[in-house]
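So the structure is just underneath, and the comments pick up after that.
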Amino acid sequence: MRDATGPNAPAPEPAPEPAPDATSAEPSRRSFIRNAILYAMFAGTGVSMYGCGGGGGGGFGAGLGGTGGAPPPETTPTFAQGVGSGDPLSDRVILWTRVTVASPGALNLTWEVASDSNFGAIVARGTIGSGPEQDYTVKVDATGLQPASVYFYRFFLGSEASPVGRTKTLPVGSVSQLRLAVVSCSNFPAGYFNVCADLAKRTDIDAVLHLGDYIYEYGVLGYASQLAIAIDRESTPSREILSLDDYRQRHRQNRSDPDLVALHAKLPVIAVWDDHDVANNAWSGGAQNHDPANEGSFAARRAAATQAFREWLPIRMPDAADPQKIYRSFDFGTLASLHMLDTRLIGRDEQVDLDSYLAGGASAASRQLLGSEQSAWLSTRMTASSATWQLLGSQVLMARMEIPLSVASAFTAETLGDFLLAQTTPEPLRNDEQRALLAQRRVPYNLDAWDGYPAARDSVLAAAHSMGKNLVSLAGDTHNAWASNLTDGNGQRVGVEFATASISSPGFERVLPLIGSTVLSDAFPKMVKDLRYAETSKRGYVVITLTPAEARADFMEISTVLSRDYSARLAMSLHALPGEGGLDVLPV
């Protein structure tokens with residue numbers, strides 16, 4: 001997305017003044033600046049600037065998650081980034097670690113999988129090599145496992161052991177319940193990963209879906225970095241990242257966060273990339289934040305970024321001959337099939353701006369978001385699946401998020417207020433200007449989403465509808481939480497969408513600071529026909545609980561990302577019921 005707002009939204013706020021260089025000559029000055037910013041941030045809030053205060057504030061009270069962050073598994077210098085698992089199937093799972101070496105060269109590791117945390121019953125063991133070609137990362141596809149089973153794993157370099165990780169395989173046959181956590185947008189300089197801390201404490205999650213923006217590409221003066229010096233999270237390297245080594249360093253920095261380490265060690269993660277994993281508003285042939293004249297080939301940058309992503313994430317690539325192909329499916333018995341899509345790099349046509357959209361620039365039937373090959377694959381996978389629920393892991397919003405043209409053209413408190421006043425004024429009392437406001441054209445607020453590719457969306461929805469599938473789209477990207485009905489061009493309900501807020505990137509509270517957060521969250525469902533819930537100022541995650549009888553979404557909010565003292569609360573619970581007539585987002 002374009003800095004949480006879309007191509008036709010207001011410009012992001014100006015970058016802050018340059019932070020001082022990270023040199024050993026200026027530690028006292030840096031400490032003074034950091035402490036001054038912290039004091040300004042927390043003065044009068046009741047929250048200690050040193051992390052010992054009142055639980056994160058914000059009126060959340062005693063939250064479900066507690067405070068203080070999740071203790072990561074004990075690490076060693078050799079395994080400083082911990083361990084992780086991902087892409088579980090019913091009989092296998094990808095295991096991951098990285099080794100910090102004193103001198104370059106090839107190395108060999110031993111790995112073990114056991115059915116108990118004490119490794120008294122080892123069920124799989126092997127050796128694997130690594131080296132500088134993989135940035136000393138290690139990925140093992142551990143096979144021969146049992147369905148729906150919890151396992152523990154570890155690595156050895158010589159006699160030195162890694163932390164112990166926990167993972168779980170997928171079920172087969174009849175399944176009564178599945179619980180997935182949905183996250184996105186883990187922006188290191190924007191704040192602490194308290195979402196990860198909260199998830200690492202939970203004992204009821206089967207797997208985590210990370211829907212992209214695992215890292216961000218900006219330098220120290222880039223998007224959402226204004227407070228990074230205050231919380232000691234300035235981007236490394238300090239410049240915007242372009243090369244393979246740059247992207248590797250940025251992944252390494254993200255994995256220095258203890259709560260992200262703890263999450264990966266606790267739960268299997270199913271991940272896919274989005275634009276900031278390469279460059280802002282990327283498409284198949286370029287990106288808004290890429291200048292070929294000064295930054296070289298976009299294809300080379302994309303290849304570097306996606307190679308680092310494949311190295312650092314525990315993912316199983318579906319096609320060894322095509323390293324850019326990441327879309328893949330996961331079956332949870334008869335209950336659900338999850339189709340992880342690439343709506344970003346492999347098939348997307350270039351975005352249009354608002355003027356082009358108004359002139360019909362997005363309406364061509366040939367306009368692609370997934371690309372023809374991925375679209376055919378998705379149709380084939382949904383056709384073959386007899387599961388109750390069909391889940392789409394779609395980075396960007398699929399729902400129709402159309403708002404009045406007057407607001408989209410200039411999203412201000414005045415334009416929003418004028419429209420809402422016209423809407424709430426009884427018809428006999430409306431003036432001609434208010435009637436014109438209500439009758440005006442609606443346009444997408446974010447043309448980087450499926451809204452900018454209407455024919456591609458209608459194709460997917462038509463396929464799901466013709467098959468009689470119970471369709472649930474899961475999305476990230478916007479940094480805000482949403483729940484919507486999915487409707488086709490005729491207004492027929494076809495499915496539902498539950499979209500997660502970010503792990504740390506700011507939402508509309510940063511982009512539209514002059515509009516009250518409650519006002520904005522209330523206004524969006526009034527403007528958007530299919531929207532049933534909006535939260536535009538809180539970080540968090542969504543827990544999706546599936547049974548044969550319902551798809552439930554629990555929207556969790558985190559009180560702060562600027563202190564490791566935080567609280568979590570359940571902000572909203574919504575659900576949809578399977579069956580004829582199309583799904584509908586309803587209160588629980």
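By order of appearance in the structure tokens: chains A, B, ..., then residues from 1 within every chain, and ligands from 1 in the order shown.
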Strand (DSSP E) per DSSP on the backbone: members of range 293-368 of chain A, as an MDAnalysis selection string: chainID A and resid 328:332 336:340
What parts of range 91-211 of chain A does DSSP call helix (DSSP H, G or I)? I'd like the answer as a tab-separated table (two decimals) with N, CA and C atoms, in the first residue's frame.
chain	number	residue	atom	x	y	z
A	132	PRO	N	27.40	-18.86	3.07
A	132	PRO	CA	27.11	-17.47	2.70
A	132	PRO	C	26.09	-17.36	1.57
A	133	GLU	N	25.98	-18.41	0.73
A	133	GLU	CA	25.02	-18.37	-0.38
A	133	GLU	C	23.59	-18.26	0.12
A	134	GLN	N	23.30	-18.76	1.32
A	134	GLN	CA	21.98	-18.68	1.93
A	134	GLN	C	21.97	-17.70	3.11
A	188	PHE	N	9.67	-2.31	11.78
A	188	PHE	CA	10.57	-2.25	12.93
A	188	PHE	C	10.69	-0.85	13.53
A	189	PRO	N	10.97	0.21	12.75
A	189	PRO	CA	11.14	1.52	13.38
A	189	PRO	C	9.84	2.14	13.87
A	190	ALA	N	8.69	1.62	13.47
A	190	ALA	CA	7.41	2.22	13.86
A	190	ALA	C	6.99	1.85	15.27
A	194	ASN	N	4.48	-5.80	19.90
A	194	ASN	CA	3.68	-6.32	21.01
A	194	ASN	C	2.59	-7.27	20.53
A	195	VAL	N	2.15	-7.13	19.29
A	195	VAL	CA	1.23	-8.11	18.72
A	195	VAL	C	1.85	-9.50	18.76
A	196	CYS	N	3.11	-9.59	18.38
A	196	CYS	CA	3.80	-10.89	18.41
A	196	CYS	C	3.93	-11.40	19.84
A	197	ALA	N	4.23	-10.49	20.77
A	197	ALA	CA	4.33	-10.89	22.17
A	197	ALA	C	3.02	-11.49	22.66
A	198	ASP	N	1.91	-10.85	22.30
A	198	ASP	CA	0.61	-11.33	22.75
A	198	ASP	C	0.28	-12.70	22.15
A	199	LEU	N	0.56	-12.86	20.88
A	199	LEU	CA	0.28	-14.14	20.23
A	199	LEU	C	1.16	-15.25	20.79
A	200	ALA	N	2.41	-14.94	21.12
A	200	ALA	CA	3.32	-15.96	21.64
A	200	ALA	C	2.87	-16.49	22.99
A	201	LYS	N	2.05	-15.72	23.71
A	201	LYS	CA	1.54	-16.17	25.01
A	201	LYS	C	0.33	-17.08	24.88
Taking only residues of range 182-249 of chain A that have an atom at most 7 Å from an atom of range 504-519 of chain A, what is each one's shortest atom pair and its distance in Å to one decimal, using only C-alpha atoms, in chain and number order, as JSON lines?
{"residue": "A:Cys185", "atom": "CA", "partner": "A:Ser505", "partner_atom": "CA", "distance": 6.2}
{"residue": "A:Ser186", "atom": "CA", "partner": "A:Ser504", "partner_atom": "CA", "distance": 5.6}
{"residue": "A:Asn187", "atom": "CA", "partner": "A:Ser505", "partner_atom": "CA", "distance": 5.6}
{"residue": "A:Ala190", "atom": "CA", "partner": "A:Ser505", "partner_atom": "CA", "distance": 5.7}
{"residue": "A:Gly191", "atom": "CA", "partner": "A:Ser504", "partner_atom": "CA", "distance": 5.3}
{"residue": "A:Tyr192", "atom": "CA", "partner": "A:Ser504", "partner_atom": "CA", "distance": 6.7}
{"residue": "A:Phe193", "atom": "CA", "partner": "A:Ser504", "partner_atom": "CA", "distance": 6.4}
{"residue": "A:Ala224", "atom": "CA", "partner": "A:Ser505", "partner_atom": "CA", "distance": 6.8}
Put those residues in a file: N, CA and C atoms, as a PDB file, in the first residue's frame.
ATOM      1  N   CYS A 185       2.269  -6.331   8.372  1.00  0.00           N
ATOM      2  CA  CYS A 185       2.885  -5.007   8.507  1.00  0.00           C
ATOM      3  C   CYS A 185       3.688  -4.857   9.798  1.00  0.00           C
ATOM      4  N   SER A 186       4.797  -5.592   9.864  1.00  0.00           N
ATOM      5  CA  SER A 186       5.706  -5.541  11.013  1.00  0.00           C
ATOM      6  C   SER A 186       6.854  -4.586  10.699  1.00  0.00           C
ATOM      7  N   ASN A 187       6.612  -3.312  10.974  1.00  0.00           N
ATOM      8  CA  ASN A 187       7.528  -2.230  10.620  1.00  0.00           C
ATOM      9  C   ASN A 187       8.411  -1.925  11.825  1.00  0.00           C
ATOM     10  N   ALA A 190       8.692   1.616  13.474  1.00  0.00           N
ATOM     11  CA  ALA A 190       7.411   2.223  13.857  1.00  0.00           C
ATOM     12  C   ALA A 190       6.986   1.846  15.270  1.00  0.00           C
ATOM     13  N   GLY A 191       7.572   0.790  15.836  1.00  0.00           N
ATOM     14  CA  GLY A 191       7.174   0.425  17.190  1.00  0.00           C
ATOM     15  C   GLY A 191       7.521  -1.016  17.522  1.00  0.00           C
ATOM     16  N   TYR A 192       7.306  -1.354  18.782  1.00  0.00           N
ATOM     17  CA  TYR A 192       7.591  -2.709  19.254  1.00  0.00           C
ATOM     18  C   TYR A 192       6.552  -3.690  18.716  1.00  0.00           C
ATOM     19  N   PHE A 193       6.966  -4.931  18.601  1.00  0.00           N
ATOM     20  CA  PHE A 193       6.091  -5.973  18.072  1.00  0.00           C
ATOM     21  C   PHE A 193       5.278  -6.616  19.198  1.00  0.00           C
ATOM     22  N   ALA A 224       7.048   6.319   8.831  1.00  0.00           N
ATOM     23  CA  ALA A 224       6.757   5.850  10.196  1.00  0.00           C
ATOM     24  C   ALA A 224       8.012   5.650  11.037  1.00  0.00           C
TER      25      ALA A 224
END
When you count only C-alpha atoms, which of these residues is closest to Asn485 in chain A: A:Met382, A:Met317, A:Val352, A:Leu586? A:Leu586
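In terms of minimum interatomic distance to Pro578 in chain A, A:Lys469 ranks closest within A:Arg328, A:His479, A:Arg532, A:Lys469, counting only C-alpha atoms.
The shortest atom-to-atom distance to Leu313 in chain A, with only C-alpha atoms taken into account, belongs to A:Thr137 out of A:Thr500, A:Thr137, A:Thr536, A:Ser90.
Between CA of Gly219 in chain A and CA of Pro237 in chain A lies a distance of 7.2 Å.
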